[in-house]
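Dropping work.txt in here (compact mmCIF, C-alpha atoms and all ligand atoms):
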```txt
# COMPACT_ATOMS: atom_id res chain seq x y z
CA MET A 1 0.00 0.00 0.00
CA LYS A 2 1.36 3.36 -1.01
CA LEU A 3 0.83 6.57 0.91
CA HIS A 4 0.87 10.18 -0.17
CA GLU A 5 3.84 12.40 0.62
CA TYR A 6 1.84 14.33 3.23
CA GLN A 7 0.92 11.08 5.00
CA ALA A 8 4.49 9.80 4.91
CA LYS A 9 5.64 13.11 6.37
CA GLU A 10 3.13 12.74 9.18
CA ILE A 11 4.73 9.41 10.05
CA PHE A 12 8.21 10.92 9.74
CA ALA A 13 7.23 13.75 12.11
CA LYS A 14 5.93 11.25 14.65
CA TYR A 15 9.33 9.54 14.66
CA GLY A 16 11.18 12.83 14.95
CA LEU A 17 12.56 12.87 11.41
CA PRO A 18 13.12 16.41 10.12
CA VAL A 19 10.23 17.43 7.84
CA THR A 20 8.41 20.68 7.19
CA PRO A 21 4.69 20.47 7.87
CA GLY A 22 2.12 21.75 5.41
CA ALA A 23 -1.60 21.80 4.65
CA VAL A 24 -3.53 19.42 2.43
CA VAL A 25 -5.99 21.14 0.11
CA LYS A 26 -8.69 19.35 -1.89
CA HIS A 27 -10.51 22.42 -3.14
CA LEU A 28 -9.35 25.91 -4.08
CA SER A 29 -11.65 27.40 -1.46
CA GLU A 30 -9.37 25.86 1.18
CA VAL A 31 -6.21 27.67 0.03
CA ASP A 32 -6.82 30.71 2.26
CA ALA A 33 -7.15 28.52 5.35
CA ALA A 34 -3.90 26.77 4.41
CA LEU A 35 -2.14 30.12 4.10
CA LYS A 36 -3.48 31.18 7.48
CA GLN A 37 -2.03 28.04 8.97
CA PHE A 38 1.32 28.58 7.24
CA PRO A 39 1.59 32.35 6.78
CA GLN A 40 5.34 32.46 6.22
CA GLY A 41 6.30 32.26 2.52
CA PRO A 42 7.70 31.49 0.11
CA TRP A 43 5.80 28.25 -0.41
CA VAL A 44 5.87 25.15 -2.54
CA VAL A 45 2.63 23.75 -3.96
CA LYS A 46 2.89 19.99 -4.50
CA ALA A 47 0.56 17.57 -6.27
CA GLN A 48 -0.32 14.59 -4.06
CA ILE A 49 -0.50 11.49 -6.23
CA HIS A 50 0.88 8.00 -5.76
CA ALA A 51 3.74 8.50 -8.18
CA GLY A 52 7.07 10.21 -8.21
CA GLY A 53 8.59 12.45 -10.84
CA ARG A 54 6.03 15.14 -10.01
CA GLY A 55 8.59 17.94 -10.12
CA LYS A 56 9.63 17.39 -13.73
CA ALA A 57 6.01 16.83 -14.79
CA GLY A 58 4.93 20.24 -13.48
CA GLY A 59 3.31 19.03 -10.28
CA VAL A 60 5.62 20.88 -7.86
CA LYS A 61 5.66 24.67 -8.08
CA PHE A 62 7.34 27.43 -6.15
CA ALA A 63 5.23 30.43 -5.03
CA LYS A 64 6.65 33.70 -3.69
CA THR A 65 3.41 35.46 -2.81
CA GLU A 66 0.00 34.41 -1.51
CA GLN A 67 -1.41 35.37 -4.90
CA GLU A 68 1.04 32.95 -6.53
CA VAL A 69 0.02 30.17 -4.16
CA HIS A 70 -3.56 30.63 -5.39
CA GLU A 71 -2.41 30.57 -9.02
CA LYS A 72 -0.20 27.49 -8.66
CA ALA A 73 -2.87 25.69 -6.66
CA ALA A 74 -5.39 26.40 -9.44
CA ALA A 75 -2.91 25.13 -12.04
CA ILE A 76 -2.06 21.89 -10.25
CA LEU A 77 -5.35 20.87 -8.64
CA GLY A 78 -7.35 18.99 -11.26
CA MET A 79 -4.49 18.61 -13.71
CA THR A 80 -3.55 15.21 -15.13
CA LEU A 81 0.08 14.63 -14.28
CA VAL A 82 2.08 12.45 -16.61
CA SER A 83 5.45 11.31 -15.24
CA PRO A 84 7.54 8.23 -16.00
CA GLN A 85 5.88 6.65 -12.95
CA THR A 86 2.23 7.36 -13.80
CA GLY A 87 2.05 5.54 -17.12
CA PRO A 88 1.02 7.35 -20.31
CA GLU A 89 -2.55 7.99 -19.15
CA GLY A 90 -1.30 10.04 -16.19
CA LYS A 91 -2.95 10.68 -12.84
CA LEU A 92 -5.60 13.20 -11.94
CA VAL A 93 -4.51 15.45 -9.08
CA LYS A 94 -7.23 15.54 -6.42
CA LYS A 95 -5.16 16.88 -3.54
CA ILE A 96 -2.28 19.30 -3.15
CA PHE A 97 0.12 19.98 -0.31
CA ILE A 98 0.97 23.59 0.46
CA THR A 99 4.18 23.81 2.45
CA PRO A 100 6.78 26.47 3.25
CA ALA A 101 9.75 26.33 0.88
CA VAL A 102 13.00 25.10 2.40
CA ASP A 103 16.27 26.82 1.60
CA TYR A 104 18.96 24.22 1.04
CA VAL A 105 22.44 23.84 -0.39
CA LYS A 106 22.53 20.26 -1.68
CA GLU A 107 20.25 17.34 -2.60
CA LEU A 108 20.98 13.74 -1.60
CA TYR A 109 19.20 10.42 -2.15
CA VAL A 110 18.43 7.90 0.59
CA SER A 111 16.13 4.91 0.63
CA VAL A 112 15.57 1.78 2.68
CA VAL A 113 14.37 -1.24 0.74
CA LEU A 114 14.22 -4.97 1.18
CA ASP A 115 17.08 -6.88 -0.41
CA ARG A 116 15.50 -10.22 -1.23
CA VAL A 117 18.82 -11.80 -2.16
CA ASN A 118 20.42 -10.86 1.16
CA ARG A 119 17.17 -11.23 3.08
CA THR A 120 17.85 -7.99 4.92
CA PRO A 121 16.84 -4.37 4.62
CA ILE A 122 19.43 -2.28 2.81
CA ILE A 123 20.06 1.41 2.53
CA LEU A 124 20.70 2.85 -0.89
CA ALA A 125 22.20 6.30 -0.73
CA SER A 126 23.83 8.76 -3.03
CA ALA A 127 25.29 12.23 -2.80
CA GLU A 128 23.60 12.84 -6.13
CA GLY A 129 20.00 13.40 -5.14
CA GLY A 130 17.17 14.89 -7.11
CA THR A 131 17.59 12.53 -10.06
CA GLU A 132 15.65 9.30 -10.24
CA ILE A 133 17.62 6.47 -8.71
CA GLU A 134 16.82 4.22 -11.69
CA GLU A 135 18.53 6.73 -13.96
CA LEU A 136 21.52 7.04 -11.63
CA ALA A 137 21.83 3.25 -11.41
CA VAL A 138 22.32 3.16 -15.17
CA THR A 139 24.45 6.23 -15.72
CA LYS A 140 26.55 6.27 -12.55
CA PRO A 141 26.17 3.06 -10.57
CA ASP A 142 29.31 3.82 -8.53
CA ALA A 143 27.61 6.89 -7.09
CA ILE A 144 25.17 4.71 -5.16
CA PHE A 145 26.25 3.29 -1.78
CA LYS A 146 24.65 0.17 -0.46
CA ILE A 147 24.60 -0.61 3.25
CA ILE A 148 23.37 -3.91 4.58
CA VAL A 149 21.18 -3.50 7.65
CA ASP A 150 21.07 -6.02 10.48
CA PRO A 151 17.42 -7.16 10.45
CA ILE A 152 17.36 -7.57 14.23
CA GLU A 153 19.49 -4.75 15.52
CA GLY A 154 18.78 -2.17 12.84
CA LEU A 155 21.38 0.25 11.52
CA HIS A 156 24.40 0.29 13.81
CA SER A 157 25.64 3.64 14.99
CA TYR A 158 29.00 3.16 13.25
CA GLN A 159 27.24 2.38 9.97
CA ALA A 160 25.10 5.49 10.27
CA ARG A 161 28.14 7.65 10.97
CA GLN A 162 30.06 6.09 8.09
CA LEU A 163 27.18 6.81 5.76
CA HIS A 164 27.07 10.42 6.91
CA LEU A 165 30.73 10.88 6.02
CA ARG A 166 30.55 8.96 2.75
CA LEU A 167 27.78 11.25 1.64
CA GLY A 168 30.18 14.15 2.17
CA LEU A 169 28.18 15.65 4.99
CA PRO A 170 29.99 17.92 7.46
CA PRO A 171 31.53 16.08 10.45
CA GLU A 172 30.11 18.64 12.89
CA ALA A 173 26.58 17.54 11.95
CA ILE A 174 27.34 13.83 12.28
CA ASN A 175 25.12 13.21 15.30
CA GLN A 176 22.04 14.62 13.61
CA GLY A 177 22.80 12.82 10.34
CA ALA A 178 23.44 9.46 11.97
CA LYS A 179 20.26 9.75 14.01
CA VAL A 180 18.22 10.47 10.86
CA PHE A 181 19.57 7.38 9.05
CA GLN A 182 18.96 5.16 12.06
CA THR A 183 15.45 6.51 12.45
CA MET A 184 14.64 5.87 8.79
CA VAL A 185 15.58 2.23 9.28
CA LYS A 186 13.51 2.11 12.47
CA VAL A 187 10.42 3.41 10.64
CA PHE A 188 11.00 0.86 7.86
CA MET A 189 11.21 -2.03 10.34
CA ASP A 190 8.55 -0.86 12.83
CA LEU A 191 5.91 -0.44 10.13
CA ASP A 192 6.80 -3.43 7.92
CA LEU A 193 7.48 -1.22 4.94
CA SER A 194 8.63 -2.51 1.61
CA MET A 195 10.18 0.86 0.80
CA LEU A 196 11.01 4.16 2.41
CA GLU A 197 12.52 6.78 0.12
CA VAL A 198 13.62 10.34 0.66
CA ASN A 199 14.55 12.03 -2.59
CA PRO A 200 15.72 14.62 -2.11
CA LEU A 201 17.13 14.54 1.36
CA VAL A 202 18.58 18.04 1.50
CA VAL A 203 21.49 19.61 3.33
CA LEU A 204 20.66 22.91 5.01
CA LYS A 205 23.08 25.80 5.46
CA ASP A 206 24.00 24.63 8.96
CA GLY A 207 25.03 21.21 7.63
CA THR A 208 22.03 19.35 9.06
CA ILE A 209 19.80 17.25 6.82
CA HIS A 210 16.06 17.59 6.11
CA CYS A 211 13.52 15.38 4.31
CA LEU A 212 12.08 17.41 1.44
CA ASP A 213 10.15 14.54 -0.09
CA ALA A 214 8.90 11.34 1.57
CA LYS A 215 7.69 8.09 0.11
CA VAL A 216 6.63 4.98 2.00
CA ASP A 217 5.18 1.72 0.72
CA PHE A 218 3.64 -0.66 3.23
CA GLU A 219 4.05 -4.37 2.66
CA ASP A 220 0.43 -5.50 2.26
CA ASN A 221 1.05 -8.73 4.16
CA GLY A 222 2.15 -6.70 7.17
CA LEU A 223 -0.79 -4.29 7.14
CA ALA A 224 -2.84 -6.38 9.55
CA ARG A 225 -0.35 -5.28 12.20
CA HIS A 226 -0.84 -1.60 11.36
CA LYS A 227 -4.59 -1.12 11.22
CA ASP A 228 -4.39 2.63 11.91
CA TYR A 229 -2.29 3.13 8.82
CA ALA A 230 -4.26 0.65 6.73
CA ALA A 231 -7.15 3.12 7.09
CA TRP A 232 -5.02 5.74 5.31
CA ARG A 233 -5.40 3.91 2.00
CA ASP A 234 -6.58 6.32 -0.68
CA PRO A 235 -9.08 4.52 -2.95
CA ASP A 236 -8.84 7.38 -5.46
CA GLU A 237 -5.28 6.34 -6.19
CA GLU A 238 -5.94 2.65 -6.59
CA ASP A 239 -7.46 0.54 -9.30
CA ALA A 240 -11.19 0.16 -8.45
CA ARG A 241 -11.26 -3.42 -9.79
CA GLU A 242 -8.24 -4.40 -7.71
CA LEU A 243 -9.92 -3.03 -4.57
CA LEU A 244 -13.17 -4.85 -5.29
CA ALA A 245 -11.31 -8.10 -5.98
CA ALA A 246 -9.38 -7.80 -2.71
CA GLU A 247 -12.67 -7.35 -0.84
CA HIS A 248 -13.81 -10.70 -2.26
CA GLY A 249 -10.55 -12.48 -1.58
CA LEU A 250 -9.55 -12.63 -5.26
CA SER A 251 -6.05 -11.77 -6.41
CA TYR A 252 -6.56 -9.43 -9.35
CA ILE A 253 -4.10 -7.16 -11.08
CA SER A 254 -5.04 -4.87 -13.96
CA LEU A 255 -2.89 -5.13 -17.06
CA ASP A 256 -3.01 -3.17 -20.32
CA GLY A 257 -4.50 -5.72 -22.73
CA TYR A 258 -7.91 -6.94 -23.89
CA VAL A 259 -8.15 -10.65 -23.04
CA GLY A 260 -9.89 -11.23 -19.70
CA CYS A 261 -8.40 -14.11 -17.72
CA LEU A 262 -10.10 -16.17 -15.04
CA VAL A 263 -7.72 -18.72 -13.61
CA ASN A 264 -7.22 -20.70 -10.42
CA GLY A 265 -3.72 -20.62 -8.97
CA ALA A 266 -1.19 -17.83 -9.29
CA GLY A 267 1.31 -19.89 -11.26
CA LEU A 268 -1.29 -20.98 -13.79
CA ALA A 269 -2.50 -17.37 -14.04
CA MET A 270 1.02 -16.22 -14.91
CA ALA A 271 1.45 -19.04 -17.42
CA THR A 272 -1.92 -18.10 -18.97
CA ALA A 273 -0.84 -14.48 -19.38
CA ASP A 274 2.39 -15.67 -21.01
CA ALA A 275 0.54 -18.00 -23.38
CA ILE A 276 -1.82 -15.21 -24.48
CA GLN A 277 1.14 -12.96 -25.12
CA HIS A 278 2.95 -15.75 -26.96
CA PHE A 279 0.07 -16.12 -29.42
CA GLY A 280 -0.02 -12.42 -30.20
CA GLY A 281 -2.64 -11.28 -27.71
CA SER A 282 -2.47 -9.14 -24.64
CA PRO A 283 -3.98 -10.03 -21.24
CA ALA A 284 -6.30 -7.48 -19.61
CA ASN A 285 -5.62 -8.84 -16.16
CA PHE A 286 -4.05 -11.38 -13.90
CA LEU A 287 -6.73 -13.12 -11.85
CA ASP A 288 -6.40 -15.95 -9.40
CA VAL A 289 -9.82 -17.02 -8.10
CA GLY A 290 -8.20 -19.28 -5.51
CA GLY A 291 -8.01 -23.02 -5.12
CA SER A 292 -11.70 -23.63 -4.54
CA ALA A 293 -12.97 -21.61 -7.53
CA SER A 294 -16.45 -21.59 -5.97
CA GLN A 295 -19.43 -20.34 -7.94
CA LYS A 296 -19.45 -17.21 -5.78
CA ALA A 297 -15.80 -16.51 -6.56
CA VAL A 298 -16.28 -17.19 -10.28
CA THR A 299 -19.39 -14.94 -10.45
CA GLN A 300 -17.54 -12.11 -8.74
CA ALA A 301 -14.54 -12.66 -10.99
CA PHE A 302 -16.72 -12.47 -14.14
CA LYS A 303 -18.27 -9.25 -12.86
CA ILE A 304 -14.88 -7.68 -12.27
CA ILE A 305 -13.56 -8.75 -15.69
CA LEU A 306 -16.70 -7.51 -17.44
CA SER A 307 -16.52 -4.11 -15.73
CA ASP A 308 -13.36 -3.56 -17.80
CA THR A 309 -14.64 -2.23 -21.13
CA ARG A 310 -11.36 -3.04 -22.89
CA VAL A 311 -12.03 -6.77 -22.54
CA LYS A 312 -12.96 -8.36 -25.89
CA ALA A 313 -12.93 -12.05 -24.95
CA ILE A 314 -12.52 -14.17 -21.84
CA LEU A 315 -10.37 -17.19 -21.16
CA VAL A 316 -11.32 -19.44 -18.26
CA ASN A 317 -8.39 -21.68 -17.46
CA ILE A 318 -9.07 -23.94 -14.49
CA PHE A 319 -7.20 -26.87 -13.12
CA GLY A 320 -9.35 -29.06 -10.90
CA GLY A 321 -7.09 -30.29 -8.16
CA ILE A 322 -8.80 -30.10 -4.82
CA ALA A 323 -11.75 -28.45 -6.53
CA LYS A 324 -13.62 -30.77 -8.90
CA CYS A 325 -14.10 -29.82 -12.56
CA ASP A 326 -17.84 -30.60 -12.52
CA VAL A 327 -18.41 -28.25 -9.59
CA ILE A 328 -16.37 -25.59 -11.32
CA ALA A 329 -18.19 -26.10 -14.65
CA GLN A 330 -21.52 -25.60 -12.91
CA GLY A 331 -20.07 -22.50 -11.27
CA ILE A 332 -19.05 -21.10 -14.66
CA ILE A 333 -22.47 -21.86 -16.18
CA ASP A 334 -24.39 -20.25 -13.31
CA ALA A 335 -22.05 -17.31 -13.04
CA ALA A 336 -22.17 -16.60 -16.79
CA LYS A 337 -25.97 -16.68 -16.66
CA GLU A 338 -26.10 -14.41 -13.65
CA VAL A 339 -23.88 -11.74 -15.18
CA GLY A 340 -25.42 -12.06 -18.67
CA LEU A 341 -22.13 -12.94 -20.32
CA SER A 342 -22.15 -12.10 -24.03
CA LEU A 343 -18.43 -11.86 -24.85
CA PRO A 344 -16.67 -14.76 -26.58
CA LEU A 345 -15.69 -17.30 -23.96
CA VAL A 346 -12.99 -19.95 -24.18
CA VAL A 347 -12.90 -22.61 -21.48
CA ARG A 348 -10.08 -24.94 -20.69
CA LEU A 349 -10.73 -27.40 -17.87
CA GLU A 350 -8.32 -30.03 -16.71
CA GLY A 351 -8.06 -32.33 -13.73
CA THR A 352 -10.38 -34.18 -11.39
CA ASN A 353 -13.80 -35.04 -12.92
CA VAL A 354 -12.97 -33.23 -16.16
CA GLU A 355 -15.30 -35.48 -18.22
CA LYS A 356 -18.26 -34.69 -15.99
CA GLY A 357 -17.38 -31.02 -16.21
CA LYS A 358 -17.29 -31.11 -20.01
CA GLU A 359 -20.64 -32.84 -20.08
CA LEU A 360 -22.25 -30.19 -17.91
CA LEU A 361 -20.89 -27.42 -20.13
CA ALA A 362 -22.08 -29.21 -23.30
CA GLN A 363 -25.58 -29.65 -21.89
CA SER A 364 -25.88 -26.03 -20.82
CA SER A 365 -27.04 -23.17 -23.02
CA LEU A 366 -23.73 -21.40 -22.48
CA LYS A 367 -21.96 -20.29 -25.65
CA TYR A 368 -18.29 -21.13 -25.40
CA THR A 369 -15.34 -22.74 -27.12
CA PHE A 370 -13.76 -25.66 -25.36
CA ALA A 371 -10.00 -26.02 -25.53
CA SER A 372 -8.14 -29.09 -24.42
CA SER A 373 -4.72 -27.52 -24.00
CA MET A 374 -3.24 -24.21 -22.86
CA ASP A 375 -1.91 -23.47 -26.36
CA GLU A 376 -5.23 -24.18 -27.99
CA ALA A 377 -7.04 -22.07 -25.40
CA ALA A 378 -4.69 -19.12 -25.77
CA LYS A 379 -4.82 -19.27 -29.59
CA ALA A 380 -8.62 -19.48 -29.59
CA VAL A 381 -9.14 -16.60 -27.20
CA VAL A 382 -6.69 -14.34 -29.03
CA ALA A 383 -8.48 -15.07 -32.32
CA ALA A 384 -11.87 -14.38 -30.69
CA ALA A 385 -10.66 -11.15 -29.16
CA LYS A 386 -9.30 -9.98 -32.50
CA GLY A 387 -12.66 -10.64 -34.08
CA GLY A 388 -11.80 -13.93 -35.77
CA LYS A 389 -13.66 -17.15 -35.10
CA SER A 390 -13.27 -18.43 -31.56
P1 LIG B 1 9.01 14.39 -7.02
O1 LIG B 1 10.03 13.47 -6.47
O2 LIG B 1 7.70 13.73 -7.20
O3 LIG B 1 9.46 15.10 -8.24
P2 LIG B 1 9.73 16.20 -4.85
O4 LIG B 1 9.02 16.34 -3.57
O5 LIG B 1 11.04 15.49 -4.80
O6 LIG B 1 8.74 15.55 -5.91
O7 LIG B 1 9.94 17.66 -5.43
C1 LIG B 1 10.66 17.92 -6.61
C2 LIG B 1 11.65 19.05 -6.39
O8 LIG B 1 10.98 20.21 -5.90
C3 LIG B 1 12.69 18.74 -5.32
O9 LIG B 1 13.81 18.07 -5.85
C4 LIG B 1 13.04 20.11 -4.82
O10 LIG B 1 14.01 20.70 -5.67
C5 LIG B 1 11.76 20.90 -4.95
N1 LIG B 1 11.01 20.96 -3.67
C6 LIG B 1 10.10 20.10 -3.21
N2 LIG B 1 9.64 20.45 -1.99
C7 LIG B 1 10.27 21.59 -1.67
C8 LIG B 1 10.24 22.47 -0.52
N3 LIG B 1 9.44 22.25 0.53
N4 LIG B 1 11.07 23.54 -0.55
C9 LIG B 1 11.88 23.78 -1.59
N5 LIG B 1 11.96 23.00 -2.68
C10 LIG B 1 11.17 21.92 -2.74
MG MG B 2 11.18 13.34 -4.93
```
Please render this file's structure as structure tokens.
Amino acid sequence: MKLHEYQAKEIFAKYGLPVTPGAVVKHLSEVDAALKQFPQGPWVVKAQIHAGGRGKAGGVKFAKTEQEVHEKAAAILGMTLVSPQTGPEGKLVKKIFITPAVDYVKELYVSVVLDRVNRTPIILASAEGGTEIEELAVTKPDAIFKIIVDPIEGLHSYQARQLHLRLGLPPEAINQGAKVFQTMVKVFMDLDLSMLEVNPLVVLKDGTIHCLDAKVDFEDNGLARHKDYAAWRDPDEEDARELLAAEHGLSYISLDGYVGCLVNGAGLAMATADAIQHFGGSPANFLDVGGSASQKAVTQAFKIILSDTRVKAILVNIFGGIAKCDVIAQGIIDAAKEVGLSLPLVVRLEGTNVEKGKELLAQSSLKYTFASSMDEAAKAVVAAAKGGKS
């Protein structure tokens, strides 16, 4: 789960990390109240969306006067921001953050992420902040330091102090710097984050450091331990179908294509997406209805797939292991009837009681194409989606 910058900064403030507070504004009529709360300019008006690269895309603007704050707020609120992280369709800005501008001398990059190879958190840091880390990793990989963090003890004091010096920060500010790095790791571990990123982390005139931007991603599997923060989820920023699927215990991920996929098992769902791609099609989603593939789950899954208007044909690819194919076939028939399915449908069933399942499908009034292998199924659904015969 991602949070907005203003939410991440609230967490940072709670832990004593250096951030500048600001006001969140959802409507232009609230700008005056925000200025009353933060009367000392100049200010920065920042789009609050779940994507980085806002600055370059025009979503972060400097304002010298109150009049300018109003103008920049009007320009950013309601705009569709397109950055390398939003995808080509961009993201509508529904909230802005109005915050006093910070005067700084240098930008740095620091993040804490999980290193799955090492099975520990690691810090990635660079004295070259401001740029995207992905870009830096390609153009100047040596400029990124990597520090392995002890998953039990956190960042040791000596590591934090070393990092401070390696980043070229002034020795007289080493206590503040080291404390900031250790606290970042503490936030990451306390809250079960999958990422904490500060870009830029800036150096002020007195040599101390300050978090100008803040990004945190919660690990979804850890959210049950952080219910207060789980409530901070912003549905406006998330895919409506993914949210609905999660409510029904289905694993659904939106993709860019046009072939709807209804599959049981995550591995089979991935293989299905690959097969569709292999035969020249493009999957509209990844969807794992779970091992049982009950009628309820299948009905809900059909509804979610059909709410995506890009979908031109549907592939049901089910392996009856614990679940029996005849039960699943009946589920598909009933679910298709309930949702009034009219798109081309390709069904591939395999496993326990497959013959009974086939029989049920054949006897039903459901219009579908039966495929006896993955390849055949993928080929048939791609042809159907492209308007050929299914
Ligand atoms: P993003 O990473 O999405 O582009 P940032 O919060 O990093 O957004 O802002 C982009 C740039 O805007 C920063 O690198 C910094 O130069 C400037 N900036 C952001 N917030 C402030 C602030 N409070 N004071 C001064 N400059 C800021
Ligand atoms: Mg940034």
Write out as JSON, numbers by chain each polymer residue (protein, DNA or RNA) that has an atom no more than 9 Å from ligand LIG 1 (chain B), with only C-alpha atoms and all ligand atoms counted. {"A": [5, 19, 20, 21, 22, 42, 43, 44, 45, 46, 47, 48, 49, 51, 52, 53, 54, 55, 56, 57, 58, 59, 60, 61, 62, 83, 98, 99, 100, 101, 102, 103, 104, 107, 129, 130, 131, 132, 198, 199, 200, 201, 202, 211, 212, 213, 214, 215]}
From A:Arg233, A:Arg310, A:His50, A:Lys14, residue lying nearest ligand MG 2 (chain B) [only C-alpha atoms and all ligand atoms]: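 Selected residue with least distance to ligand MG 2 (chain B): A:His50.
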Using all atoms listed in the file, which of A:Val82, A:Ala293, A:Leu167, A:Leu196 sits nearest ligand MG 2 (chain B)?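 For ligand MG 2 (chain B), the nearest of the given residues is A:Leu196.
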So, with all atoms listed in the file as the atoms that count, which of A:Arg348, A:His210, A:Lys146, A:Lys9 lies closest to Lys106 of chain A? A:His210
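Comparing the minimum interatomic distances between ligand MG 2 (chain B) and each of A:Tyr258, A:Tyr109, A:Phe38, A:Tyr15, counting only C-alpha atoms and all ligand atoms, we find that A:Tyr109 sits nearest.
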